[in-house]
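Containing mmCIF, C-alpha atoms: run-v3.cif.
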data_my_file
loop_
_atom_site.label_atom_id
_atom_site.label_comp_id
_atom_site.auth_asym_id
_atom_site.auth_seq_id
_atom_site.Cartn_x
_atom_site.Cartn_y
_atom_site.Cartn_z
CA MET A 1 -68.68 -8.74 -19.47
CA SER A 2 -69.09 -11.82 -17.29
CA ASP A 3 -69.64 -10.32 -13.83
CA PRO A 4 -72.69 -8.08 -13.03
CA HIS A 5 -70.70 -6.50 -10.21
CA GLU A 6 -68.75 -4.66 -12.88
CA VAL A 7 -71.92 -2.69 -13.75
CA VAL A 8 -74.26 -2.59 -10.75
CA ALA A 9 -74.14 -3.08 -6.98
CA LEU A 10 -76.63 -4.44 -4.43
CA ASP A 11 -79.31 -1.95 -3.28
CA GLN A 12 -78.36 0.39 -6.13
CA LYS A 13 -81.32 2.17 -7.72
CA ILE A 14 -81.21 1.99 -11.51
CA GLN A 15 -83.39 2.73 -14.49
CA VAL A 16 -84.25 -0.16 -16.76
CA VAL A 17 -86.20 -0.97 -19.89
CA ILE A 18 -88.90 -3.66 -19.90
CA LEU A 19 -88.02 -6.14 -22.61
CA ASP A 20 -90.51 -8.95 -22.04
CA PHE A 21 -93.27 -10.10 -19.67
CA ASP A 22 -94.03 -13.74 -18.93
CA GLU A 23 -97.52 -13.84 -17.37
CA ASP A 24 -97.41 -17.58 -16.67
CA LYS A 25 -94.14 -17.40 -14.77
CA LYS A 26 -94.84 -13.95 -13.44
CA ARG A 27 -91.48 -12.74 -14.74
CA ILE A 28 -90.38 -9.51 -16.37
CA ALA A 29 -87.27 -9.33 -18.54
CA LEU A 30 -85.43 -6.06 -18.06
CA GLY A 31 -82.55 -4.40 -19.85
CA LEU A 32 -80.03 -1.81 -18.85
CA LYS A 33 -77.88 -1.41 -21.93
CA GLN A 34 -80.89 -0.39 -23.97
CA LEU A 35 -80.88 2.97 -22.14
CA THR A 36 -77.67 3.90 -23.93
CA PRO A 37 -76.84 3.95 -27.65
CA HIS A 38 -75.30 0.76 -29.07
CA PRO A 39 -71.47 0.97 -28.88
CA TRP A 40 -71.23 0.40 -32.63
CA ASP A 41 -73.36 3.51 -33.14
CA ALA A 42 -70.77 5.42 -31.17
CA LEU A 43 -67.85 4.07 -33.21
CA ASP A 44 -65.85 6.80 -34.91
CA ALA A 45 -67.55 7.41 -38.24
CA ASP A 46 -64.21 8.19 -39.90
CA LEU A 47 -62.73 4.71 -39.23
CA LYS A 48 -62.17 2.80 -42.45
CA VAL A 49 -60.40 -0.24 -43.86
CA GLY A 50 -56.62 0.21 -43.70
CA ASP A 51 -56.63 2.37 -40.57
CA HIS A 52 -54.47 1.45 -37.61
CA ILE A 53 -56.25 1.09 -34.27
CA LYS A 54 -55.29 0.05 -30.76
CA GLY A 55 -57.13 -2.40 -28.53
CA LYS A 56 -56.92 -5.02 -25.83
CA VAL A 57 -57.01 -8.80 -26.33
CA VAL A 58 -60.08 -10.08 -24.43
CA VAL A 59 -60.57 -13.62 -25.78
CA ILE A 60 -58.13 -16.16 -27.31
CA ALA A 61 -59.13 -19.19 -29.37
CA ASP A 62 -57.10 -21.53 -31.58
CA TYR A 63 -58.42 -19.84 -34.69
CA GLY A 64 -57.82 -16.26 -33.55
CA ALA A 65 -58.14 -13.51 -30.95
CA PHE A 66 -60.87 -10.99 -30.16
CA VAL A 67 -59.66 -7.46 -29.55
CA GLU A 68 -61.80 -4.82 -27.80
CA ILE A 69 -61.48 -1.52 -29.60
CA GLN A 70 -63.78 0.30 -27.22
CA PRO A 71 -66.40 -0.99 -24.75
CA GLY A 72 -68.83 -3.18 -26.68
CA VAL A 73 -66.89 -3.08 -29.97
CA GLU A 74 -64.61 -6.00 -30.79
CA GLY A 75 -62.71 -7.14 -33.82
CA LEU A 76 -61.35 -10.59 -34.72
CA ILE A 77 -57.74 -11.25 -35.69
CA HIS A 78 -57.68 -14.61 -37.46
CA VAL A 79 -54.51 -16.63 -36.89
CA SER A 80 -53.72 -16.37 -40.62
CA GLU A 81 -53.51 -12.58 -40.20
CA MET A 82 -50.99 -12.81 -37.37
CA SER A 83 -47.97 -13.80 -39.48
CA TRP A 84 -46.81 -13.79 -43.09
CA SER A 85 -45.77 -17.39 -42.55
CA GLN A 86 -47.84 -20.01 -44.35
CA HIS A 87 -47.51 -22.33 -41.37
CA LEU A 88 -50.72 -21.63 -39.45
CA ARG A 89 -50.22 -22.09 -35.75
CA SER A 90 -52.33 -21.48 -32.66
CA ALA A 91 -53.19 -17.87 -31.82
CA GLN A 92 -51.75 -18.43 -28.33
CA GLU A 93 -48.28 -18.47 -29.88
CA PHE A 94 -48.71 -14.85 -30.94
CA LEU A 95 -51.02 -13.16 -28.41
CA HIS A 96 -52.27 -13.45 -24.83
CA VAL A 97 -55.36 -12.16 -23.02
CA GLY A 98 -54.68 -8.68 -21.70
CA ASP A 99 -52.15 -7.73 -24.40
CA GLU A 100 -52.42 -4.14 -25.56
CA ILE A 101 -51.83 -4.25 -29.30
CA GLU A 102 -52.01 -2.28 -32.51
CA ALA A 103 -53.80 -3.72 -35.50
CA VAL A 104 -54.92 -2.86 -39.02
CA ILE A 105 -58.62 -2.83 -40.01
CA LEU A 106 -59.09 -5.39 -42.81
CA THR A 107 -62.91 -5.39 -43.06
CA LEU A 108 -65.54 -3.20 -41.43
CA ASP A 109 -69.29 -3.86 -41.62
CA ARG A 110 -71.17 -1.36 -39.46
CA GLN A 111 -74.56 -2.79 -40.36
CA GLU A 112 -73.59 -6.33 -39.32
CA ARG A 113 -71.42 -4.89 -36.57
CA LYS A 114 -68.41 -6.99 -37.56
CA MET A 115 -64.76 -6.08 -37.91
CA SER A 116 -61.71 -8.14 -38.89
CA LEU A 117 -58.23 -7.06 -37.98
CA GLY A 118 -54.65 -8.02 -38.83
CA ILE A 119 -51.28 -7.57 -37.22
CA LYS A 120 -48.99 -9.05 -39.88
CA GLN A 121 -49.89 -6.05 -42.04
CA LEU A 122 -47.90 -3.88 -39.61
CA LYS A 123 -44.81 -5.42 -41.27
CA ASP A 124 -43.97 -5.40 -44.96
CA ASP A 125 -44.71 -8.59 -46.86
CA PRO A 126 -41.22 -10.13 -47.30
CA TRP A 127 -42.22 -11.55 -50.69
CA GLU A 128 -42.67 -8.08 -52.14
CA THR A 129 -38.88 -7.65 -52.21
CA ILE A 130 -37.88 -11.32 -52.34
CA GLU A 131 -35.65 -10.94 -55.43
CA THR A 132 -33.69 -8.19 -53.72
CA LYS A 133 -33.20 -9.84 -50.34
CA TYR A 134 -32.83 -13.44 -51.56
CA PRO A 135 -31.52 -13.27 -55.13
CA VAL A 136 -30.65 -16.46 -57.00
CA GLY A 137 -27.15 -17.54 -56.04
CA SER A 138 -27.14 -15.81 -52.64
CA LYS A 139 -26.13 -17.77 -49.53
CA HIS A 140 -28.09 -17.78 -46.26
CA THR A 141 -28.62 -19.63 -42.99
CA ALA A 142 -32.03 -21.30 -42.62
CA LYS A 143 -33.80 -23.26 -39.91
CA VAL A 144 -35.02 -26.80 -40.58
CA ARG A 145 -38.80 -26.94 -40.11
CA ASN A 146 -39.77 -30.46 -41.21
CA PHE A 147 -38.91 -33.36 -43.52
CA THR A 148 -40.54 -35.17 -46.39
CA ASN A 149 -39.25 -38.18 -48.29
CA PHE A 150 -38.11 -35.88 -51.10
CA GLY A 151 -36.48 -33.07 -49.15
CA ILE A 152 -36.25 -30.57 -46.30
CA PHE A 153 -38.51 -27.58 -45.67
CA VAL A 154 -36.66 -24.68 -44.10
CA GLU A 155 -37.50 -21.15 -42.97
CA LEU A 156 -35.17 -18.26 -43.76
CA GLU A 157 -37.30 -15.76 -41.85
CA GLU A 158 -40.92 -15.51 -40.77
CA GLY A 159 -42.96 -15.89 -43.95
CA VAL A 160 -40.10 -16.98 -46.18
CA ASP A 161 -39.88 -20.75 -46.66
CA GLY A 162 -37.85 -22.88 -48.99
CA LEU A 163 -37.32 -26.49 -50.04
CA ILE A 164 -34.00 -28.30 -50.30
CA HIS A 165 -34.55 -31.30 -52.55
CA ILE A 166 -32.85 -34.46 -51.33
CA SER A 167 -30.72 -34.50 -54.49
CA ASP A 168 -29.31 -31.08 -53.58
CA LEU A 169 -28.00 -32.08 -50.14
CA SER A 170 -24.71 -33.69 -51.14
CA TRP A 171 -22.57 -34.18 -54.23
CA THR A 172 -21.23 -37.53 -53.05
CA LYS A 173 -23.42 -39.08 -50.35
CA LYS A 174 -26.50 -41.09 -51.28
CA VAL A 175 -28.99 -39.59 -48.77
CA LYS A 176 -31.83 -42.07 -48.25
CA HIS A 177 -33.90 -39.76 -46.03
CA PRO A 178 -33.31 -36.11 -45.02
CA SER A 179 -33.38 -37.06 -41.33
CA ASP A 180 -30.09 -38.89 -41.94
CA PHE A 181 -28.54 -35.58 -42.96
CA THR A 182 -29.80 -33.07 -40.35
CA SER A 183 -32.47 -32.61 -37.66
CA VAL A 184 -35.59 -30.47 -37.15
CA GLY A 185 -34.73 -27.16 -35.50
CA SER A 186 -31.13 -27.18 -36.69
CA ASN A 187 -29.58 -24.47 -38.82
CA ILE A 188 -28.39 -25.30 -42.31
CA GLU A 189 -26.47 -23.27 -44.86
CA VAL A 190 -28.26 -22.87 -48.20
CA VAL A 191 -27.95 -21.32 -51.65
CA VAL A 192 -30.98 -19.88 -53.48
CA LEU A 193 -31.47 -21.84 -56.71
CA GLU A 194 -34.87 -20.62 -57.90
CA ILE A 195 -37.61 -18.16 -56.83
CA ASP A 196 -41.32 -18.99 -57.19
CA LYS A 197 -42.90 -15.71 -56.15
CA GLU A 198 -46.44 -16.69 -57.10
CA ASN A 199 -46.45 -19.72 -54.80
CA ARG A 200 -44.18 -18.04 -52.22
CA ARG A 201 -41.58 -20.77 -52.28
CA LEU A 202 -37.82 -20.85 -52.77
CA SER A 203 -35.86 -23.74 -54.23
CA LEU A 204 -32.67 -24.08 -52.23
CA GLY A 205 -29.52 -26.16 -52.34
CA HIS A 206 -26.88 -27.16 -49.83
CA LYS A 207 -24.34 -29.05 -51.92
CA GLN A 208 -23.91 -25.98 -54.14
CA LEU A 209 -21.93 -24.34 -51.33
CA GLU A 210 -19.02 -26.50 -52.52
CA GLU A 211 -17.56 -27.13 -55.97
CA ASN A 212 -18.77 -30.22 -57.77
CA PRO A 213 -16.17 -32.92 -57.00
CA TRP A 214 -17.45 -34.98 -59.93
CA ASP A 215 -15.51 -32.67 -62.22
CA THR A 216 -12.38 -34.06 -60.57
CA TYR A 217 -13.71 -37.60 -60.29
CA GLU A 218 -14.21 -37.64 -64.06
CA THR A 219 -10.45 -37.50 -64.61
CA LEU A 220 -9.60 -39.65 -61.58
CA TYR A 221 -11.98 -42.61 -61.79
CA THR A 222 -11.46 -43.56 -65.40
CA PRO A 223 -12.71 -47.03 -66.41
CA GLY A 224 -9.96 -49.57 -65.82
CA SER A 225 -8.19 -47.57 -63.10
CA VAL A 226 -7.68 -49.22 -59.70
CA HIS A 227 -8.27 -47.45 -56.37
CA GLU A 228 -8.29 -48.37 -52.70
CA GLY A 229 -11.67 -48.29 -50.97
CA LYS A 230 -13.48 -49.34 -47.82
CA ILE A 231 -16.76 -51.26 -47.76
CA THR A 232 -19.04 -49.00 -45.71
CA GLU A 233 -22.45 -50.57 -46.38
CA ILE A 234 -23.65 -54.00 -47.47
CA MET A 235 -27.11 -54.80 -48.85
CA ASP A 236 -28.74 -57.56 -50.88
CA LYS A 237 -27.90 -55.98 -54.22
CA GLY A 238 -24.28 -55.24 -53.37
CA ALA A 239 -22.08 -52.93 -51.33
CA VAL A 240 -21.22 -49.25 -51.07
CA ILE A 241 -17.52 -48.51 -51.20
CA THR A 242 -16.03 -45.27 -49.93
CA LEU A 243 -12.98 -44.55 -52.06
CA ASN A 244 -9.85 -43.12 -50.49
CA GLU A 245 -9.74 -40.15 -52.86
CA GLY A 246 -13.38 -39.27 -52.04
CA GLY A 247 -16.70 -40.29 -53.49
CA GLU A 248 -18.64 -43.51 -53.26
CA GLY A 249 -18.91 -46.43 -55.63
CA PHE A 250 -21.05 -49.53 -55.83
CA ALA A 251 -20.15 -53.18 -56.41
CA THR A 252 -22.53 -56.09 -57.01
CA PRO A 253 -22.03 -59.34 -55.02
CA LYS A 254 -20.18 -61.13 -57.83
CA HIS A 255 -17.65 -58.27 -57.92
CA LEU A 256 -17.01 -58.57 -54.18
CA ILE A 257 -15.58 -62.10 -54.36
CA LYS A 258 -11.95 -62.24 -53.26
CA GLU A 259 -9.17 -64.28 -54.82
CA ASP A 260 -9.65 -67.09 -52.29
CA ASN A 261 -13.38 -67.23 -53.32
CA SER A 262 -14.54 -65.74 -50.00
CA GLN A 263 -16.99 -62.83 -49.91
CA SER A 264 -15.79 -59.36 -48.95
CA LYS A 265 -17.05 -58.09 -45.62
CA LEU A 266 -18.19 -54.79 -44.12
CA GLY A 267 -15.25 -52.62 -43.10
CA GLU A 268 -12.70 -54.32 -45.35
CA GLU A 269 -10.30 -52.15 -47.32
CA LEU A 270 -9.55 -53.56 -50.75
CA PRO A 271 -8.44 -52.49 -54.21
CA PHE A 272 -11.27 -51.88 -56.66
CA LYS A 273 -11.25 -51.49 -60.41
CA VAL A 274 -13.56 -48.93 -62.03
CA ILE A 275 -15.74 -50.70 -64.59
CA GLU A 276 -18.21 -47.85 -65.19
CA PHE A 277 -18.25 -44.10 -64.52
CA ASN A 278 -21.30 -41.89 -65.17
CA LYS A 279 -20.99 -38.24 -64.19
CA GLU A 280 -24.59 -37.29 -64.98
CA SER A 281 -26.13 -39.97 -62.77
CA ARG A 282 -23.23 -39.75 -60.30
CA ARG A 283 -22.56 -43.46 -60.51
CA ILE A 284 -19.29 -45.34 -60.09
CA ILE A 285 -19.46 -49.10 -60.57
CA LEU A 286 -16.54 -51.00 -59.04
CA SER A 287 -15.16 -54.50 -58.95
CA HIS A 288 -12.67 -56.09 -56.61
CA SER A 289 -12.73 -59.39 -58.49
CA ARG A 290 -11.58 -57.74 -61.70
CA THR A 291 -8.35 -56.64 -60.02
CA PHE A 292 -7.07 -60.25 -60.07
CA GLU A 293 -9.32 -62.02 -62.59
CA GLU A 294 -8.18 -59.94 -65.54
CA ASP A 295 -4.54 -60.52 -64.65
CA LYS A 296 -5.18 -64.26 -64.91
CA GLU A 297 -7.02 -63.83 -68.21
CA GLU A 298 -4.13 -61.82 -69.62
CA ALA A 299 -1.70 -64.54 -68.62
CA LYS A 300 -3.70 -67.34 -70.25
CA PRO A 301 -3.33 -66.21 -73.91
CA ARG A 302 0.46 -65.90 -73.58
CA HIS A 303 0.75 -69.44 -72.19
CA HIS A 304 -1.59 -70.80 -74.87
CA ALA A 305 0.43 -69.22 -77.70
CA ALA A 306 3.65 -70.75 -76.38
CA SER A 307 2.00 -74.16 -76.25
CA ASN A 308 0.84 -73.80 -79.83
CA ARG A 309 4.33 -72.96 -80.92
CA LYS A 310 5.70 -76.08 -79.24
CA GLN A 311 3.01 -78.25 -80.78
CA ASN A 312 3.57 -76.74 -84.20
CA ASP A 313 7.36 -77.11 -84.03
CA THR A 314 7.20 -80.90 -84.23
CA PRO A 315 5.48 -81.46 -87.58
CA VAL A 316 7.14 -78.55 -89.37
CA ILE A 317 9.40 -79.81 -92.18
CA ASN A 318 12.46 -77.59 -92.44
CA ASN A 319 14.63 -79.48 -95.04
CA VAL A 320 13.92 -79.75 -98.72
CA ALA A 321 14.43 -83.51 -98.99
CA ALA A 322 11.95 -84.31 -96.27
CA GLY A 323 9.35 -82.18 -97.97
CA THR A 324 9.88 -83.45 -101.50
CA SER A 325 7.24 -85.67 -103.14
CA LEU A 326 7.87 -88.81 -105.31
CA GLY A 327 6.91 -86.83 -108.39
CA ASP A 328 9.52 -84.25 -107.60
CA LEU A 329 12.21 -86.99 -107.28
CA ASP A 330 11.46 -88.30 -110.82
CA VAL A 331 11.85 -84.83 -112.28
CA LEU A 332 15.15 -84.36 -110.50
CA ALA A 333 16.45 -87.75 -111.67
CA LYS A 334 15.64 -86.92 -115.32
CA LEU A 335 17.28 -83.53 -115.00
CA LYS A 336 20.43 -85.16 -113.65
CA ALA A 337 20.50 -87.67 -116.55
CA ASP A 338 20.20 -84.87 -119.14
CA LEU A 339 23.12 -83.03 -117.54
CA ASP A 340 25.29 -86.14 -117.62
CA LYS A 341 24.47 -86.79 -121.32
CA ASN A 342 25.46 -83.28 -122.31
CA LYS A 343 28.76 -83.71 -120.60
#

Serialized structure, structure tokens:
Amino acid sequence: MSDPHEVVALDQKIQVVILDFDEDKKRIALGLKQLTPHPWDALDADLKVGDHIKGKVVVIADYGAFVEIQPGVEGLIHVSEMSWSQHLRSAQEFLHVGDEIEAVILTLDRQERKMSLGIKQLKDDPWETIETKYPVGSKHTAKVRNFTNFGIFVELEEGVDGLIHISDLSWTKKVKHPSDFTSVGSNIEVVVLEIDKENRRLSLGHKQLEENPWDTYETLYTPGSVHEGKITEIMDKGAVITLNEGGEGFATPKHLIKEDNSQSKLGEELPFKVIEFNKESRRIILSHSRTFEEDKEEAKPRHHAASNRKQNDTPVINNVAAGTSLGDLDVLAKLKADLDKNK
């Protein structure tokens, strides 16, 4: 009560109780409520923890709301008892002064004349049946609540939150920050990957809504194969190439040099040779330079071998006489003389 007019009126005769007398100031402190029993003494003796009661919101603060159960008897609903959600918000988001509500008695101390109430208890705790409503592998629509560097926190319903790790957003795109993928307040499709009932948290995925394209990439982007791709991002360490068949690869600066020795530029579409493929780390290393450098290297050995043959043809001795030594000639001469003598 904040206005005396609600209780008494001018010129009204009332009975009061003398509470104190100040002789120096010639003042007497009087009381009216002391003529009636304390409201808490009149509170239903059968009320107990767990009972449902009705009341009116009389005061709102950031931390909670005071509800009048009957004149002079109030209970506090802390903001944490207004929702099963772990995201504590202001009580004004749930209740307003003057609201007629139902609540559950959480604590009751008649001696201290204190009572705490809750309204979330009017609904079942969603985590009691979490495995049934959100089993592993089930698909749902969630709302994006906020970002961190490692993922996205989403809410499937009031009190049921989940985390999508940044690595579970896309099979192919390298997501640097979740804000590049979606926005706060947006809906996002998810798959339940894991349930942590004790900590009331779900591990969710988004990329799992689609089949893993890396199973196909494994047979497509074999080392040594050549594919067309577009340079979609350039950085100090190299460039990101979006391949025409899907997926992204990476090329270091030395592998971006073109045949005329100029550097490849953003937006260019060029052939790239796969020099490394790693399915587990989802890495494709590419080279544009290798598409023409290796052709030149292959040509060089063939030209070199032909030259060697030409050089070797000159000194090769193909007739017997030219390759015969002086010693051999003496032996032949003696053999001829022996043949003539026998004749």

The PyMOL selection byres ((chain A and resi 152-160) around 7) applied to the shown file, residues as a list of chain:residue names: A:Trp84, A:Ser85, A:Gln86, A:Pro126, A:Thr141, A:Ala142, A:Lys143, A:Val144, A:Arg145, A:Asn146, A:Phe147, A:Thr148, A:Gly151, A:Asp161, A:Gly162, A:Leu163, A:Ile164, A:His165, A:Pro178

So that each row is one residue of range 179-229 of chain A with an atom at most 8 Å from range 242-262 of chain A, can you give its shortest atom pair and the distance in Å to one decimal, using only C-alpha atoms, rows by chain and rising number, as a tab-separated table?
residue	atom	partner	partner_atom	distance
A:Tyr217	CA	A:Gly247	CA	7.9
A:His227	CA	A:Leu243	CA	7.0
A:Glu228	CA	A:Asn244	CA	5.9
A:Gly229	CA	A:Leu243	CA	4.1

Non-local contacts of Leu169 in chain A (12 Å; all atoms listed in the file; under 6 positions in same chain excluded) as a VMD selection string: chain A and resid 150 to 152 163 175 to 182 188 to 191 204 to 210

Best match for closeness to Leu43 in chain A among A:Leu30, A:Ile284, A:Val7, A:Leu108, counting only C-alpha atoms: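 Of the candidates, the smallest distance to Leu43 in chain A is held by A:Leu108.
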
Distance query range 54-65 of chain A at most 7 Å, only C-alpha atoms, self and fewer than 3 positions along chain excluded, as a list in words: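 Surrounding residues, per the criterion: Glu68, Ile69, Leu76, Ile77, His78, Val79, Ser90, Ala91, Gln92, His96, Val97, Gly98, Asp99, Glu100, Ile101, Glu102 and Ala103 of chain A.
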
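Between CA of Glu293 in chain A and CA of Gly224 in chain A the separation is 12.9 Å.
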
Interatomic distance (Å, one decimal) between CA of Thr232 in chain A and CA of Phe277 in chain A: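 For CA of Thr232 in chain A relative to CA of Phe277 in chain A, the distance reads 19.5 Å.
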
Residue nearest Lys173 in chain A - candidates A:Leu122, A:Ile130, A:Met115, A:Ile241, atoms counted: only C-alpha atoms: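 Of all the options, A:Ile241 lies closest to Lys173 in chain A.
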
Interatomic distance (Å, one decimal) between CA of Val104 in chain A and CA of Val49 in chain A: 7.8 Å

Selection under test: the PyMOL selection byres ((chain A and resi 16) around 9); residues as number ranges by chain: A: 14-15, 17-18, 30-35

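For the point (-11.4, -47.4, -61.9), the residues with at least one atom inside 7 Å, counting all atoms listed in the file, are Tyr221, Thr222, Pro223, Gly224, Ser225, Val226, His227, Phe272, Lys273, Val274, Ile275 and Leu286 of chain A.
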
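Here the question is which of A:His87, A:Ser287, A:Asp196, A:Asp215 gets nearest to Trp171 in chain A using all atoms listed in the file, and that residue is A:Asp215.
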
The PyMOL selection byres ((chain A and resi 72) around 12) resolved against shown file, as a ChimeraX atom specification: /A:1,33,36-43,55,58,66-71,73-75,113-114

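The shortest atom-to-atom distance to Glu268 in chain A, with all atoms listed in the file taken into account, belongs to A:Lys230 out of A:Arg290, A:Lys133, A:Lys230, A:Lys197.
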
Starting from the incomplete input, reconstruct all heavy atoms of range 256-264 of chain A and write that as a PDB file, keeping the file's coordinate frame.
ATOM      1  N   LEU A 256     -17.565 -58.678 -55.535  1.00  0.00           N
ATOM      2  CA  LEU A 256     -17.010 -58.570 -54.180  1.00  0.00           C
ATOM      3  C   LEU A 256     -16.287 -59.845 -53.768  1.00  0.00           C
ATOM      4  O   LEU A 256     -15.766 -59.936 -52.655  1.00  0.00           O
ATOM      5  CB  LEU A 256     -18.134 -58.265 -53.179  1.00  0.00           C
ATOM      6  CG  LEU A 256     -18.804 -56.887 -53.331  1.00  0.00           C
ATOM      7  CD1 LEU A 256     -20.046 -56.814 -52.446  1.00  0.00           C
ATOM      8  CD2 LEU A 256     -17.835 -55.780 -52.964  1.00  0.00           C
ATOM      9  N   ILE A 257     -16.256 -60.839 -54.666  1.00  0.00           N
ATOM     10  CA  ILE A 257     -15.580 -62.100 -54.360  1.00  0.00           C
ATOM     11  C   ILE A 257     -14.076 -61.901 -54.401  1.00  0.00           C
ATOM     12  O   ILE A 257     -13.533 -61.328 -55.347  1.00  0.00           O
ATOM     13  CB  ILE A 257     -16.010 -63.200 -55.354  1.00  0.00           C
ATOM     14  CG1 ILE A 257     -17.516 -63.453 -55.227  1.00  0.00           C
ATOM     15  CG2 ILE A 257     -15.229 -64.479 -55.115  1.00  0.00           C
ATOM     16  CD1 ILE A 257     -18.061 -64.416 -56.251  1.00  0.00           C
ATOM     17  N   LYS A 258     -13.394 -62.395 -53.359  1.00  0.00           N
ATOM     18  CA  LYS A 258     -11.950 -62.240 -53.260  1.00  0.00           C
ATOM     19  C   LYS A 258     -11.253 -63.393 -53.968  1.00  0.00           C
ATOM     20  O   LYS A 258     -11.874 -64.364 -54.403  1.00  0.00           O
ATOM     21  CB  LYS A 258     -11.547 -62.150 -51.792  1.00  0.00           C
ATOM     22  CG  LYS A 258     -12.113 -60.887 -51.117  1.00  0.00           C
ATOM     23  CD  LYS A 258     -11.506 -60.625 -49.764  1.00  0.00           C
ATOM     24  CE  LYS A 258     -11.995 -61.617 -48.735  1.00  0.00           C
ATOM     25  NZ  LYS A 258     -11.519 -61.268 -47.365  1.00  0.00           N
ATOM     26  N   GLU A 259      -9.943 -63.302 -54.059  1.00  0.00           N
ATOM     27  CA  GLU A 259      -9.170 -64.280 -54.820  1.00  0.00           C
ATOM     28  C   GLU A 259      -9.268 -65.687 -54.231  1.00  0.00           C
ATOM     29  O   GLU A 259      -9.155 -66.677 -54.947  1.00  0.00           O
ATOM     30  CB  GLU A 259      -7.703 -63.852 -54.903  1.00  0.00           C
ATOM     31  CG  GLU A 259      -6.913 -64.581 -55.962  1.00  0.00           C
ATOM     32  CD  GLU A 259      -5.586 -63.901 -56.259  1.00  0.00           C
ATOM     33  OE1 GLU A 259      -5.245 -62.930 -55.566  1.00  0.00           O
ATOM     34  OE2 GLU A 259      -4.901 -64.347 -57.193  1.00  0.00           O
ATOM     35  N   ASP A 260      -9.498 -65.773 -52.926  1.00  0.00           N
ATOM     36  CA  ASP A 260      -9.650 -67.090 -52.290  1.00  0.00           C
ATOM     37  C   ASP A 260     -11.097 -67.572 -52.325  1.00  0.00           C
ATOM     38  O   ASP A 260     -11.472 -68.498 -51.605  1.00  0.00           O
ATOM     39  CB  ASP A 260      -9.137 -67.046 -50.847  1.00  0.00           C
ATOM     40  CG  ASP A 260      -9.915 -66.053 -49.992  1.00  0.00           C
ATOM     41  OD1 ASP A 260     -10.849 -65.418 -50.522  1.00  0.00           O
ATOM     42  OD2 ASP A 260      -9.588 -65.896 -48.801  1.00  0.00           O
ATOM     43  N   ASN A 261     -11.952 -66.901 -53.136  1.00  0.00           N
ATOM     44  CA  ASN A 261     -13.380 -67.230 -53.320  1.00  0.00           C
ATOM     45  C   ASN A 261     -14.250 -66.879 -52.115  1.00  0.00           C
ATOM     46  O   ASN A 261     -15.424 -67.248 -52.088  1.00  0.00           O
ATOM     47  CB  ASN A 261     -13.565 -68.719 -53.658  1.00  0.00           C
ATOM     48  CG  ASN A 261     -13.118 -69.040 -55.065  1.00  0.00           C
ATOM     49  OD1 ASN A 261     -13.264 -68.224 -55.966  1.00  0.00           O
ATOM     50  ND2 ASN A 261     -12.536 -70.226 -55.251  1.00  0.00           N
ATOM     51  N   SER A 262     -13.719 -66.197 -51.133  1.00  0.00           N
ATOM     52  CA  SER A 262     -14.540 -65.740 -50.000  1.00  0.00           C
ATOM     53  C   SER A 262     -15.183 -64.407 -50.364  1.00  0.00           C
ATOM     54  O   SER A 262     -14.744 -63.709 -51.289  1.00  0.00           O
ATOM     55  CB  SER A 262     -13.687 -65.582 -48.746  1.00  0.00           C
ATOM     56  OG  SER A 262     -12.702 -64.572 -48.927  1.00  0.00           O
ATOM     57  N   GLN A 263     -16.263 -64.063 -49.648  1.00  0.00           N
ATOM     58  CA  GLN A 263     -16.990 -62.830 -49.910  1.00  0.00           C
ATOM     59  C   GLN A 263     -16.414 -61.693 -49.072  1.00  0.00           C
ATOM     60  O   GLN A 263     -16.092 -61.872 -47.897  1.00  0.00           O
ATOM     61  CB  GLN A 263     -18.481 -63.021 -49.584  1.00  0.00           C
ATOM     62  CG  GLN A 263     -19.379 -61.901 -50.082  1.00  0.00           C
ATOM     63  CD  GLN A 263     -19.596 -61.951 -51.587  1.00  0.00           C
ATOM     64  OE1 GLN A 263     -19.311 -62.950 -52.228  1.00  0.00           O
ATOM     65  NE2 GLN A 263     -20.085 -60.864 -52.172  1.00  0.00           N
ATOM     66  N   SER A 264     -16.282 -60.528 -49.681  1.00  0.00           N
ATOM     67  CA  SER A 264     -15.790 -59.360 -48.950  1.00  0.00           C
ATOM     68  C   SER A 264     -16.765 -58.986 -47.844  1.00  0.00           C
ATOM     69  O   SER A 264     -17.971 -59.168 -47.968  1.00  0.00           O
ATOM     70  CB  SER A 264     -15.606 -58.180 -49.904  1.00  0.00           C
ATOM     71  OG  SER A 264     -14.722 -58.517 -50.941  1.00  0.00           O
TER      72      SER A 264
END
